[in-house]
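Visitor: Just one file: input_28.pdb, with PDB, C-alpha atoms.
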ATOM      1  CA  MET A   1       9.146 -19.395  12.894
ATOM      2  CA  GLY A   2       8.044 -22.780  14.198
ATOM      3  CA  LYS A   3       4.342 -23.344  13.611
ATOM      4  CA  LYS A   4       3.245 -21.682  10.403
ATOM      5  CA  LYS A   5       1.735 -18.270  11.081
ATOM      6  CA  VAL A   6      -0.189 -16.431   8.382
ATOM      7  CA  LYS A   7      -0.660 -13.130  10.234
ATOM      8  CA  CYS A   8       2.009 -10.612  11.170
ATOM      9  CA  ILE A   9       1.472  -7.831  13.702
ATOM     10  CA  ILE A  10       3.802  -4.852  13.490
ATOM     11  CA  VAL A  11       4.000  -2.601  16.540
ATOM     12  CA  SER A  12       5.215   0.843  15.562
ATOM     13  CA  GLY A  13       6.476   3.661  17.747
ATOM     14  CA  ALA A  14       3.699   6.256  17.715
ATOM     15  CA  PRO A  15       2.957   7.805  21.143
ATOM     16  CA  ASP A  16       0.151   5.409  21.993
ATOM     17  CA  ASP A  17       0.036   4.115  25.566
ATOM     18  CA  ASP A  18      -3.257   2.215  25.283
ATOM     19  CA  TYR A  19      -1.705  -1.022  26.516
ATOM     20  CA  ASP A  20      -5.042  -2.605  27.364
ATOM     21  CA  PHE A  21      -6.034  -2.371  23.702
ATOM     22  CA  LEU A  22      -2.597  -3.551  22.615
ATOM     23  CA  LYS A  23      -2.934  -6.653  24.794
ATOM     24  CA  THR A  24      -6.240  -7.516  23.126
ATOM     25  CA  ARG A  25      -4.630  -7.386  19.657
ATOM     26  CA  LEU A  26      -1.378  -9.200  20.353
ATOM     27  CA  ASN A  27      -1.736 -12.964  20.418
ATOM     28  CA  CYS A  28       0.424 -16.062  20.130
ATOM     29  CA  ASP A  29      -1.030 -16.949  16.731
ATOM     30  CA  ALA A  30       0.652 -13.952  15.086
ATOM     31  CA  TYR A  31       4.285 -13.257  14.253
ATOM     32  CA  VAL A  32       5.173  -9.982  15.996
ATOM     33  CA  ILE A  33       7.643  -7.447  14.614
ATOM     34  CA  ALA A  34       8.505  -4.346  16.623
ATOM     35  CA  ALA A  35       9.525  -1.190  14.783
ATOM     36  CA  ASP A  36      12.236   0.535  16.823
ATOM     37  CA  SER A  37      10.702   1.743  20.123
ATOM     38  CA  GLY A  38       7.689  -0.451  19.424
ATOM     39  CA  TYR A  39       9.524  -3.211  21.284
ATOM     40  CA  ILE A  40       9.044  -1.242  24.528
ATOM     41  CA  LYS A  41       5.287  -1.195  23.945
ATOM     42  CA  CYS A  42       5.328  -4.935  23.281
ATOM     43  CA  MET A  43       7.146  -5.637  26.523
ATOM     44  CA  LYS A  44       4.776  -3.400  28.500
ATOM     45  CA  ALA A  45       1.910  -5.356  26.976
ATOM     46  CA  GLY A  46       3.555  -8.586  28.119
ATOM     47  CA  VAL A  47       4.630  -9.849  24.693
ATOM     48  CA  LYS A  48       8.178 -10.414  23.495
ATOM     49  CA  PRO A  49       8.425  -9.622  19.763
ATOM     50  CA  ASP A  50       9.728 -12.271  17.386
ATOM     51  CA  LEU A  51      11.794  -9.651  15.539
ATOM     52  CA  ILE A  52      12.884  -6.071  16.233
ATOM     53  CA  ILE A  53      13.866  -3.710  13.406
ATOM     54  CA  GLY A  54      15.034  -0.136  13.875
ATOM     55  CA  ASP A  55      17.821   2.419  14.029
ATOM     56  CA  PHE A  56      17.090   3.025  17.742
ATOM     57  CA  ASP A  57      17.416   6.781  17.444
ATOM     58  CA  SER A  58      14.253   7.170  19.537
ATOM     59  CA  SER A  59      14.926   4.380  22.035
ATOM     60  CA  LYS A  60      17.735   2.406  23.613
ATOM     61  CA  TYR A  61      19.061  -0.679  21.913
ATOM     62  CA  PRO A  62      17.155  -3.665  23.366
ATOM     63  CA  GLU A  63      18.905  -5.121  26.399
ATOM     64  CA  PHE A  64      17.473  -8.623  26.093
ATOM     65  CA  GLU A  65      18.077 -11.532  23.774
ATOM     66  CA  ALA A  66      16.047 -11.224  20.589
ATOM     67  CA  GLU A  67      16.417 -11.294  16.812
ATOM     68  CA  ILE A  68      17.323  -7.714  15.926
ATOM     69  CA  ILE A  69      17.987  -5.986  12.608
ATOM     70  CA  LYS A  70      19.907  -2.762  13.237
ATOM     71  CA  LEU A  71      19.377  -0.009  10.661
ATOM     72  CA  GLN A  72      21.347   3.121   9.933
ATOM     73  CA  PRO A  73      19.598   6.385  10.929
ATOM     74  CA  GLU A  74      20.224   7.777   7.432
ATOM     75  CA  LYS A  75      17.982   5.618   5.216
ATOM     76  CA  ASP A  76      15.359   5.778   2.481
ATOM     77  CA  PHE A  77      12.592   3.923   4.344
ATOM     78  CA  THR A  78      11.019   4.469   7.739
ATOM     79  CA  ASP A  79      11.467   1.805  10.409
ATOM     80  CA  THR A  80       7.810   0.851  10.067
ATOM     81  CA  PHE A  81       7.950   0.533   6.283
ATOM     82  CA  THR A  82      11.090  -1.589   6.619
ATOM     83  CA  CYS A  83       9.134  -3.877   8.956
ATOM     84  CA  VAL A  84       6.288  -4.058   6.434
ATOM     85  CA  ARG A  85       8.687  -4.941   3.620
ATOM     86  CA  LYS A  86      10.224  -7.636   5.818
ATOM     87  CA  ALA A  87       6.802  -9.089   6.663
ATOM     88  CA  VAL A  88       5.846  -9.191   2.983
ATOM     89  CA  SER A  89       9.136 -10.913   2.112
ATOM     90  CA  LEU A  90       8.434 -13.539   4.789
ATOM     91  CA  GLY A  91       5.236 -14.459   2.985
ATOM     92  CA  PHE A  92       2.533 -13.305   5.399
ATOM     93  CA  SER A  93      -0.919 -12.916   3.864
ATOM     94  CA  GLU A  94      -2.168 -10.503   6.536
ATOM     95  CA  ILE A  95      -0.442  -7.614   8.306
ATOM     96  CA  GLU A  96      -1.841  -5.493  11.129
ATOM     97  CA  LEU A  97      -0.134  -2.237  12.110
ATOM     98  CA  LEU A  98      -0.532  -1.162  15.728
ATOM     99  CA  CYS A  99       0.679   2.042  17.416
ATOM    100  CA  ALA A 100       0.956   3.553  13.934
ATOM    101  CA  ILE A 101      -1.345   6.568  14.448
ATOM    102  CA  GLY A 102       0.241   9.359  16.435
ATOM    103  CA  ASN A 103       0.969  13.076  16.654
ATOM    104  CA  ARG A 104       3.149  13.380  13.529
ATOM    105  CA  ALA A 105       0.997  13.814  10.414
ATOM    106  CA  ASP A 106       3.911  12.896   8.137
ATOM    107  CA  HIS A 107       4.431   9.599   9.973
ATOM    108  CA  ASN A 108       0.706   8.889   9.848
ATOM    109  CA  TYR A 109       0.642   9.451   6.087
ATOM    110  CA  ALA A 110       3.791   7.375   5.547
ATOM    111  CA  ASN A 111       2.142   4.518   7.449
ATOM    112  CA  MET A 112      -0.981   4.853   5.297
ATOM    113  CA  LEU A 113       1.203   4.435   2.203
ATOM    114  CA  CYS A 114       2.276   1.071   3.620
ATOM    115  CA  LEU A 115      -1.286  -0.069   2.936
ATOM    116  CA  ASP A 116      -0.799   0.456  -0.787
ATOM    117  CA  TYR A 117       2.546  -1.357  -0.810
ATOM    118  CA  CYS A 118       0.847  -4.351   0.770
ATOM    119  CA  ARG A 119      -2.106  -4.171  -1.621
ATOM    120  CA  LYS A 120       0.240  -4.238  -4.612
ATOM    121  CA  ASN A 121       1.901  -7.309  -3.118
ATOM    122  CA  HIS A 122      -1.466  -9.050  -2.545
ATOM    123  CA  VAL A 123      -1.236  -8.756   1.246
ATOM    124  CA  HIS A 124      -4.192  -7.542   3.299
ATOM    125  CA  CYS A 125      -3.017  -4.791   5.645
ATOM    126  CA  THR A 126      -4.833  -2.723   8.249
ATOM    127  CA  ILE A 127      -3.838   0.102  10.587
ATOM    128  CA  VAL A 128      -5.701  -0.268  13.865
ATOM    129  CA  ASN A 129      -6.158   1.432  17.214
ATOM    130  CA  ARG A 130      -9.075   1.586  19.639
ATOM    131  CA  TYR A 131     -10.769   4.394  17.703
ATOM    132  CA  ASN A 132      -9.781   3.791  14.082
ATOM    133  CA  LYS A 133      -9.228   1.078  11.506
ATOM    134  CA  MET A 134      -7.841   1.911   8.051
ATOM    135  CA  GLN A 135      -7.539  -0.296   4.997
ATOM    136  CA  LEU A 136      -7.575  -0.151   1.202
ATOM    137  CA  ALA A 137      -9.796  -2.038  -1.219
ATOM    138  CA  ASP A 138      -9.906  -2.300  -5.010
ATOM    139  CA  SER A 139     -12.825  -4.702  -5.443
ATOM    140  CA  GLU A 140     -15.319  -5.617  -2.699
ATOM    141  CA  ILE A 141     -15.276  -5.469   1.066
ATOM    142  CA  ILE A 142     -17.944  -6.505   3.565
ATOM    143  CA  LEU A 143     -18.353  -4.867   6.979
ATOM    144  CA  ASP A 144     -20.025  -7.168   9.469
ATOM    145  CA  ASN A 145     -18.054  -6.346  12.609
ATOM    146  CA  ARG A 146     -19.645  -3.636  14.770
ATOM    147  CA  GLU A 147     -16.420  -2.874  16.623
ATOM    148  CA  TYR A 148     -16.459   0.559  14.952
ATOM    149  CA  GLU A 149     -19.633   2.662  14.699
ATOM    150  CA  TYR A 150     -18.856   4.848  11.678
ATOM    151  CA  PHE A 151     -17.118   4.332   8.368
ATOM    152  CA  SER A 152     -15.900   6.708   5.667
ATOM    153  CA  VAL A 153     -14.832   5.975   2.104
ATOM    154  CA  TYR A 154     -12.355   8.062   0.095
ATOM    155  CA  ALA A 155     -10.820   7.778  -3.349
ATOM    156  CA  PHE A 156      -7.160   6.954  -2.698
ATOM    157  CA  LEU A 157      -4.525   8.621  -4.917
ATOM    158  CA  GLY A 158      -6.870   8.795  -7.907
ATOM    159  CA  ALA A 159     -10.440   8.698  -9.154
ATOM    160  CA  VAL A 160     -12.714   5.774  -8.319
ATOM    161  CA  ASN A 161     -15.349   4.457 -10.734
ATOM    162  CA  GLY A 162     -18.418   2.394  -9.939
ATOM    163  CA  LEU A 163     -18.510   2.821  -6.167
ATOM    164  CA  THR A 164     -21.494   1.034  -4.633
ATOM    165  CA  ILE A 165     -22.472   0.934  -0.952
ATOM    166  CA  LYS A 166     -25.341  -1.374   0.004
ATOM    167  CA  ASP A 167     -27.253  -1.909   3.260
ATOM    168  CA  ALA A 168     -25.779   1.180   4.936
ATOM    169  CA  TYR A 169     -27.593   4.237   6.281
ATOM    170  CA  TYR A 170     -26.406   6.149   3.194
ATOM    171  CA  GLU A 171     -26.386   3.985   0.078
ATOM    172  CA  LEU A 172     -24.724   4.613  -3.275
ATOM    173  CA  ASP A 173     -25.167   2.901  -6.608
ATOM    174  CA  ASN A 174     -22.378   2.854  -9.180
ATOM    175  CA  ILE A 175     -21.088   6.409  -8.714
ATOM    176  CA  ASP A 176     -17.712   8.002  -9.448
ATOM    177  CA  LEU A 177     -15.653   9.485  -6.621
ATOM    178  CA  MET A 178     -12.800  11.968  -6.874
ATOM    179  CA  PRO A 179     -10.013  12.199  -4.246
ATOM    180  CA  TYR A 180     -11.169  15.617  -3.043
ATOM    181  CA  GLU A 181     -14.823  14.626  -2.572
ATOM    182  CA  GLN A 182     -16.029  14.037   0.991
ATOM    183  CA  PHE A 183     -19.739  13.202   0.757
ATOM    184  CA  THR A 184     -18.849   9.580   1.593
ATOM    185  CA  GLN A 185     -17.687  10.529   5.092
ATOM    186  CA  SER A 186     -19.360   9.387   8.337
ATOM    187  CA  ASN A 187     -21.642   6.627   7.121
ATOM    188  CA  CYS A 188     -22.995   3.983   9.495
ATOM    189  CA  PHE A 189     -24.857   0.690   9.714
ATOM    190  CA  LYS A 190     -28.582   0.772   8.990
ATOM    191  CA  ASP A 191     -29.689  -2.475  10.584
ATOM    192  CA  ASP A 192     -28.328  -5.917  11.377
ATOM    193  CA  LYS A 193     -27.259  -6.594   7.794
ATOM    194  CA  PRO A 194     -23.573  -6.419   6.842
ATOM    195  CA  VAL A 195     -22.576  -3.446   4.697
ATOM    196  CA  LYS A 196     -21.269  -4.260   1.229
ATOM    197  CA  ILE A 197     -18.848  -1.840  -0.437
ATOM    198  CA  SER A 198     -17.589  -2.441  -3.972
ATOM    199  CA  VAL A 199     -15.702  -0.542  -6.654
ATOM    200  CA  LYS A 200     -15.199  -1.258 -10.354
ATOM    201  CA  ASN A 201     -12.013   0.752 -10.905
ATOM    202  CA  GLY A 202      -9.637   2.558  -8.582
ATOM    203  CA  ILE A 203      -8.725   2.217  -4.926
ATOM    204  CA  ILE A 204     -10.781   3.242  -1.922
ATOM    205  CA  LEU A 205      -9.475   4.133   1.513
ATOM    206  CA  LEU A 206     -11.886   2.796   4.119
ATOM    207  CA  ILE A 207     -11.674   4.333   7.587
ATOM    208  CA  GLN A 208     -13.789   2.883  10.392
ATOM    209  CA  SER A 209     -14.043   5.053  13.494
ATOM    210  CA  ASN A 210     -15.445   5.464  16.982
ATOM    211  CA  ASP A 211     -15.849   8.765  18.834
TER     212      ASP A 211
END
With the file now loaded, output its structure as structure tokens.

Guide:
Amino acid sequence: MGKKKVKCIIVSGAPDDDYDFLKTRLNCDAYVIAADSGYIKCMKAGVKPDLIIGDFDSSKYPEFEAEIIKLQPEKDFTDTFTCVRKAVSLGFSEIELLCAIGNRADHNYANMLCLDYCRKNHVHCTIVNRYNKMQLADSEIILDNREYEYFSVYAFLGAVNGLTIKDAYYELDNIDLMPYEQFTQSNCFKDDKPVKISVKNGIILLIQSND
């Protein structure tokens, strides 16, 4: 990979044609993996991926020289999850998923499960587009970037104990949160202070959003 890169960006194949946003996220300091038709999005954004992985059932096989891993259409893992597993095996400490939120709810949920795979492998992973940023946390997280106006917190795949939210418009102190509960939706910043979110036990899904 030449110069050591600690961040990997994976460009998936969701129907997202916001190439201006994609250009702002892709940079030469990251190792870029394209999931199947994601390579077309990379090229339209002016970036040649370092690696392309896919079965190419939704796009043509790339007609340019690149490192390509060809998958069989009949497989146990999605193209995107295969890219995530590859990035984890390469030793990246941070993974960002782009073009991973689309029209298919099942694909969206499958991509969200990639967050937990990364968490269990001690890799920080986010799913990002212009309007949303999703990530998991099992200890503490600090929000000091105002790129997104709102944030919501959910218990992910199980109960959460000791959830605390400080310096936000709606604050919480050491409460329990069940997966079906939604009173932690649509919070926002209160002032110029960063928001601190912590949990004693369990996993929270943090979704930052813009209208």

Visitor: Evaluate the PyMOL selection byres ((chain A and resi 50) around 12) against this structure - the residues, as a PyMOL selection string, please.

Guide: chain A and resi 1-2+5+8-11+26-35+39+42-43+47-49+51-53+65-69+83+87

Visitor: Any idea what the distance is between atom CA of A:Arg85 and atom CA of A:Leu115?

Guide: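 These atoms are spaced 11.1 Å apart.
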
Visitor: Looking at all atoms listed in the file, which of A:Glu149, A:Pro73, A:Ala159, A:Leu206 is the one that sits closest to A:Cys188?

Guide: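 Comparing A:Glu149, A:Pro73, A:Ala159, A:Leu206 against A:Cys188, the winner is A:Glu149.
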
Visitor: In Å to one decimal, how far is atom CA of A:Asn187 from atom CA of A:Ile204?

Guide: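 Distance reported for this atom pair: 14.5 Å.
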
Visitor: Between A:Ser89, A:Phe56, A:Ala110, A:Ile203, single out the one closest to A:Lys70, counting only C-alpha atoms.

Guide: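 Counting only C-alpha atoms, the residue closest to A:Lys70 is A:Phe56.
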
Visitor: Give me the residues within 8 Å of stretch 128-135 of chain A as a list in words, counting all atoms listed in the file and dropping any in the same chain fewer than 5 places off.

Guide: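 Counting all atoms listed in the file, the residues come to Phe21, Glu96, Leu97, Leu98, Cys99, Ala100, Ile101, Met112, Leu115, Tyr148, Leu205, Leu206, Ile207, Gln208, Ser209, Asn210 and Asp211 of chain A.
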
Visitor: List the residues selected by the PyMOL selection byres ((chain A and resi 91) around 10) in the file shown, writing them as a ChimeraX atom specification.

Guide: /A:5-8,86-90,92-94,121,123

Visitor: Convert the current residue selection to file output with C-alpha atoms, as a PDB file, in the coordinates of the input.

Guide:
ATOM      1  CA  LYS A   5       1.735 -18.270  11.081  1.00  0.00           C
ATOM      2  CA  VAL A   6      -0.189 -16.431   8.382  1.00  0.00           C
ATOM      3  CA  LYS A   7      -0.660 -13.130  10.234  1.00  0.00           C
ATOM      4  CA  CYS A   8       2.009 -10.612  11.170  1.00  0.00           C
ATOM      5  CA  LYS A  86      10.224  -7.636   5.818  1.00  0.00           C
ATOM      6  CA  ALA A  87       6.802  -9.089   6.663  1.00  0.00           C
ATOM      7  CA  VAL A  88       5.846  -9.191   2.983  1.00  0.00           C
ATOM      8  CA  SER A  89       9.136 -10.913   2.112  1.00  0.00           C
ATOM      9  CA  LEU A  90       8.434 -13.539   4.789  1.00  0.00           C
ATOM     10  CA  PHE A  92       2.533 -13.305   5.399  1.00  0.00           C
ATOM     11  CA  SER A  93      -0.919 -12.916   3.864  1.00  0.00           C
ATOM     12  CA  GLU A  94      -2.168 -10.503   6.536  1.00  0.00           C
ATOM     13  CA  ASN A 121       1.901  -7.309  -3.118  1.00  0.00           C
ATOM     14  CA  VAL A 123      -1.236  -8.756   1.246  1.00  0.00           C
TER      15      VAL A 123
END

Visitor: What's the 9 Å shell around A:Cys114, counting all atoms listed in the file, without same-chain residues fewer than 6 positions away, as a list in words?

Guide: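 My reading of the contact set: Thr80, Phe81, Val84, Arg85 and Cys125 of chain A.
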
Visitor: Considering all atoms listed in the file, can you say which of A:Leu113, A:Ile165, A:Leu136, A:Leu143 comes closest to A:Gly202?

Guide: A:Leu136

Visitor: Tell me, in Å to one decimal, how far atom CA of A:Ser198 is from atom CA of A:Arg146.

Guide: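 Here the two named atoms are 18.9 Å from each other.
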
Visitor: Taking the point (13.5, 0.1, 21.9) as given in the file, collect each protein or nucleic acid residue that comes within 8 Å of it, counting all atoms listed in the file, and present the set as a ChimeraX atom specification.

Guide: /A:36-40,56,58-62

Visitor: Keeping only C-alpha atoms, write the selected residues as a CSV table (one decimal), in the coordinates of the input.

Guide:
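And here's again-v9.csv as it stands now:
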chain,number,residue,atom,x,y,z
A,36,ASP,CA,12.2,0.5,16.8
A,37,SER,CA,10.7,1.7,20.1
A,38,GLY,CA,7.7,-0.5,19.4
A,39,TYR,CA,9.5,-3.2,21.3
A,40,ILE,CA,9.0,-1.2,24.5
A,56,PHE,CA,17.1,3.0,17.7
A,58,SER,CA,14.3,7.2,19.5
A,59,SER,CA,14.9,4.4,22.0
A,60,LYS,CA,17.7,2.4,23.6
A,61,TYR,CA,19.1,-0.7,21.9
A,62,PRO,CA,17.2,-3.7,23.4

Visitor: Could you state which residues are captured by the PyMOL selection byres ((chain A and resi 19) around 8) in this file, as a ChimeraX atom specification?

Guide: /A:17-18,20-23,41,44-45

Visitor: Could those residues be written to a file, using C-alpha atoms, as a PDB file, in the frame of the given file?

Guide:
ATOM      1  CA  ASP A  17       0.036   4.115  25.566  1.00  0.00           C
ATOM      2  CA  ASP A  18      -3.257   2.215  25.283  1.00  0.00           C
ATOM      3  CA  ASP A  20      -5.042  -2.605  27.364  1.00  0.00           C
ATOM      4  CA  PHE A  21      -6.034  -2.371  23.702  1.00  0.00           C
ATOM      5  CA  LEU A  22      -2.597  -3.551  22.615  1.00  0.00           C
ATOM      6  CA  LYS A  23      -2.934  -6.653  24.794  1.00  0.00           C
ATOM      7  CA  LYS A  41       5.287  -1.195  23.945  1.00  0.00           C
ATOM      8  CA  LYS A  44       4.776  -3.400  28.500  1.00  0.00           C
ATOM      9  CA  ALA A  45       1.910  -5.356  26.976  1.00  0.00           C
TER      10      ALA A  45
END

Visitor: Need the shell around stretch 183-185 of chain A: protein/DNA/RNA residues with any atom at most 12 Å away, counting only C-alpha atoms. Skip same-chain ones fewer than 5 positions apart. Format as number ranges by chain?

Guide: A: 150-155, 163-165, 168-172, 175-178, 197, 204-209

Visitor: Could you write stretch 102-113 of chain A as a PDB file, in the coordinates of the input, with all heavy atoms rebuilt where they are missing?

Guide:
ATOM      1  N   GLY A 102      -0.274   8.538  15.342  1.00  0.00           N
ATOM      2  CA  GLY A 102       0.241   9.359  16.435  1.00  0.00           C
ATOM      3  C   GLY A 102       0.120  10.846  16.165  1.00  0.00           C
ATOM      4  O   GLY A 102      -0.759  11.293  15.413  1.00  0.00           O
ATOM      5  N   ASN A 103       1.038  11.620  16.733  1.00  0.00           N
ATOM      6  CA  ASN A 103       0.969  13.076  16.654  1.00  0.00           C
ATOM      7  C   ASN A 103       1.584  13.655  15.390  1.00  0.00           C
ATOM      8  O   ASN A 103       1.287  14.792  15.032  1.00  0.00           O
ATOM      9  CB  ASN A 103       1.669  13.693  17.870  1.00  0.00           C
ATOM     10  CG  ASN A 103       1.028  13.281  19.179  1.00  0.00           C
ATOM     11  OD1 ASN A 103      -0.166  13.002  19.227  1.00  0.00           O
ATOM     12  ND2 ASN A 103       1.814  13.229  20.246  1.00  0.00           N
ATOM     13  N   ARG A 104       2.458  12.886  14.721  1.00  0.00           N
ATOM     14  CA  ARG A 104       3.149  13.380  13.529  1.00  0.00           C
ATOM     15  C   ARG A 104       2.334  13.032  12.290  1.00  0.00           C
ATOM     16  O   ARG A 104       2.187  11.863  11.926  1.00  0.00           O
ATOM     17  CB  ARG A 104       4.541  12.770  13.436  1.00  0.00           C
ATOM     18  CG  ARG A 104       5.529  13.218  14.495  1.00  0.00           C
ATOM     19  CD  ARG A 104       6.466  14.312  14.044  1.00  0.00           C
ATOM     20  NE  ARG A 104       7.042  14.172  12.749  1.00  0.00           N
ATOM     21  CZ  ARG A 104       8.341  13.911  12.532  1.00  0.00           C
ATOM     22  NH1 ARG A 104       9.161  13.684  13.542  1.00  0.00           N
ATOM     23  NH2 ARG A 104       8.819  13.876  11.303  1.00  0.00           N
ATOM     24  N   ALA A 105       1.814  14.049  11.601  1.00  0.00           N
ATOM     25  CA  ALA A 105       0.997  13.814  10.414  1.00  0.00           C
ATOM     26  C   ALA A 105       1.807  13.152   9.309  1.00  0.00           C
ATOM     27  O   ALA A 105       1.275  12.330   8.548  1.00  0.00           O
ATOM     28  CB  ALA A 105       0.398  15.130   9.920  1.00  0.00           C
ATOM     29  N   ASP A 106       3.092  13.504   9.188  1.00  0.00           N
ATOM     30  CA  ASP A 106       3.911  12.896   8.137  1.00  0.00           C
ATOM     31  C   ASP A 106       4.105  11.406   8.388  1.00  0.00           C
ATOM     32  O   ASP A 106       4.050  10.585   7.457  1.00  0.00           O
ATOM     33  CB  ASP A 106       5.258  13.614   7.996  1.00  0.00           C
ATOM     34  CG  ASP A 106       6.037  13.690   9.307  1.00  0.00           C
ATOM     35  OD1 ASP A 106       5.455  13.474  10.393  1.00  0.00           O
ATOM     36  OD2 ASP A 106       7.258  13.976   9.248  1.00  0.00           O
ATOM     37  N   HIS A 107       4.302  11.020   9.644  1.00  0.00           N
ATOM     38  CA  HIS A 107       4.431   9.599   9.973  1.00  0.00           C
ATOM     39  C   HIS A 107       3.113   8.864   9.729  1.00  0.00           C
ATOM     40  O   HIS A 107       3.110   7.731   9.230  1.00  0.00           O
ATOM     41  CB  HIS A 107       4.870   9.439  11.436  1.00  0.00           C
ATOM     42  CG  HIS A 107       6.297   9.797  11.658  1.00  0.00           C
ATOM     43  ND1 HIS A 107       6.900   9.712  12.914  1.00  0.00           N
ATOM     44  CD2 HIS A 107       7.266  10.236  10.821  1.00  0.00           C
ATOM     45  CE1 HIS A 107       8.164  10.080  12.822  1.00  0.00           C
ATOM     46  NE2 HIS A 107       8.403  10.414  11.558  1.00  0.00           N
ATOM     47  N   ASN A 108       2.011   9.510  10.083  1.00  0.00           N
ATOM     48  CA  ASN A 108       0.706   8.889   9.848  1.00  0.00           C
ATOM     49  C   ASN A 108       0.502   8.622   8.356  1.00  0.00           C
ATOM     50  O   ASN A 108       0.045   7.540   7.961  1.00  0.00           O
ATOM     51  CB  ASN A 108      -0.418   9.786  10.373  1.00  0.00           C
ATOM     52  CG  ASN A 108      -0.420   9.914  11.876  1.00  0.00           C
ATOM     53  OD1 ASN A 108       0.166   9.092  12.586  1.00  0.00           O
ATOM     54  ND2 ASN A 108      -1.080  10.948  12.382  1.00  0.00           N
ATOM     55  N   TYR A 109       0.828   9.613   7.529  1.00  0.00           N
ATOM     56  CA  TYR A 109       0.642   9.451   6.087  1.00  0.00           C
ATOM     57  C   TYR A 109       1.587   8.397   5.526  1.00  0.00           C
ATOM     58  O   TYR A 109       1.194   7.582   4.682  1.00  0.00           O
ATOM     59  CB  TYR A 109       0.859  10.784   5.371  1.00  0.00           C
ATOM     60  CG  TYR A 109       0.565  10.713   3.892  1.00  0.00           C
ATOM     61  CD1 TYR A 109      -0.739  10.528   3.443  1.00  0.00           C
ATOM     62  CD2 TYR A 109       1.581  10.822   2.946  1.00  0.00           C
ATOM     63  CE1 TYR A 109      -1.022  10.452   2.090  1.00  0.00           C
ATOM     64  CE2 TYR A 109       1.304  10.747   1.593  1.00  0.00           C
ATOM     65  CZ  TYR A 109       0.000  10.561   1.166  1.00  0.00           C
ATOM     66  OH  TYR A 109      -0.275  10.473  -0.179  1.00  0.00           O
ATOM     67  N   ALA A 110       2.829   8.390   5.998  1.00  0.00           N
ATOM     68  CA  ALA A 110       3.791   7.375   5.547  1.00  0.00           C
ATOM     69  C   ALA A 110       3.283   5.977   5.892  1.00  0.00           C
ATOM     70  O   ALA A 110       3.425   5.035   5.094  1.00  0.00           O
ATOM     71  CB  ALA A 110       5.155   7.619   6.184  1.00  0.00           C
ATOM     72  N   ASN A 111       2.684   5.825   7.069  1.00  0.00           N
ATOM     73  CA  ASN A 111       2.142   4.518   7.449  1.00  0.00           C
ATOM     74  C   ASN A 111       0.946   4.143   6.582  1.00  0.00           C
ATOM     75  O   ASN A 111       0.755   2.966   6.239  1.00  0.00           O
ATOM     76  CB  ASN A 111       1.756   4.520   8.923  1.00  0.00           C
ATOM     77  CG  ASN A 111       2.960   4.592   9.844  1.00  0.00           C
ATOM     78  OD1 ASN A 111       4.069   4.232   9.450  1.00  0.00           O
ATOM     79  ND2 ASN A 111       2.754   5.043  11.063  1.00  0.00           N
ATOM     80  N   MET A 112       0.137   5.129   6.189  1.00  0.00           N
ATOM     81  CA  MET A 112      -0.981   4.853   5.297  1.00  0.00           C
ATOM     82  C   MET A 112      -0.488   4.364   3.933  1.00  0.00           C
ATOM     83  O   MET A 112      -1.116   3.510   3.298  1.00  0.00           O
ATOM     84  CB  MET A 112      -1.848   6.096   5.138  1.00  0.00           C
ATOM     85  CG  MET A 112      -2.623   6.474   6.382  1.00  0.00           C
ATOM     86  SD  MET A 112      -3.408   8.103   6.274  1.00  0.00           S
ATOM     87  CE  MET A 112      -4.518   7.843   4.900  1.00  0.00           C
ATOM     88  N   LEU A 113       0.647   4.880   3.481  1.00  0.00           N
ATOM     89  CA  LEU A 113       1.203   4.435   2.203  1.00  0.00           C
ATOM     90  C   LEU A 113       1.653   2.977   2.268  1.00  0.00           C
ATOM     91  O   LEU A 113       1.721   2.304   1.237  1.00  0.00           O
ATOM     92  CB  LEU A 113       2.373   5.333   1.790  1.00  0.00           C
ATOM     93  CG  LEU A 113       2.000   6.784   1.469  1.00  0.00           C
ATOM     94  CD1 LEU A 113       3.257   7.587   1.142  1.00  0.00           C
ATOM     95  CD2 LEU A 113       1.011   6.862   0.315  1.00  0.00           C
TER      96      LEU A 113
END
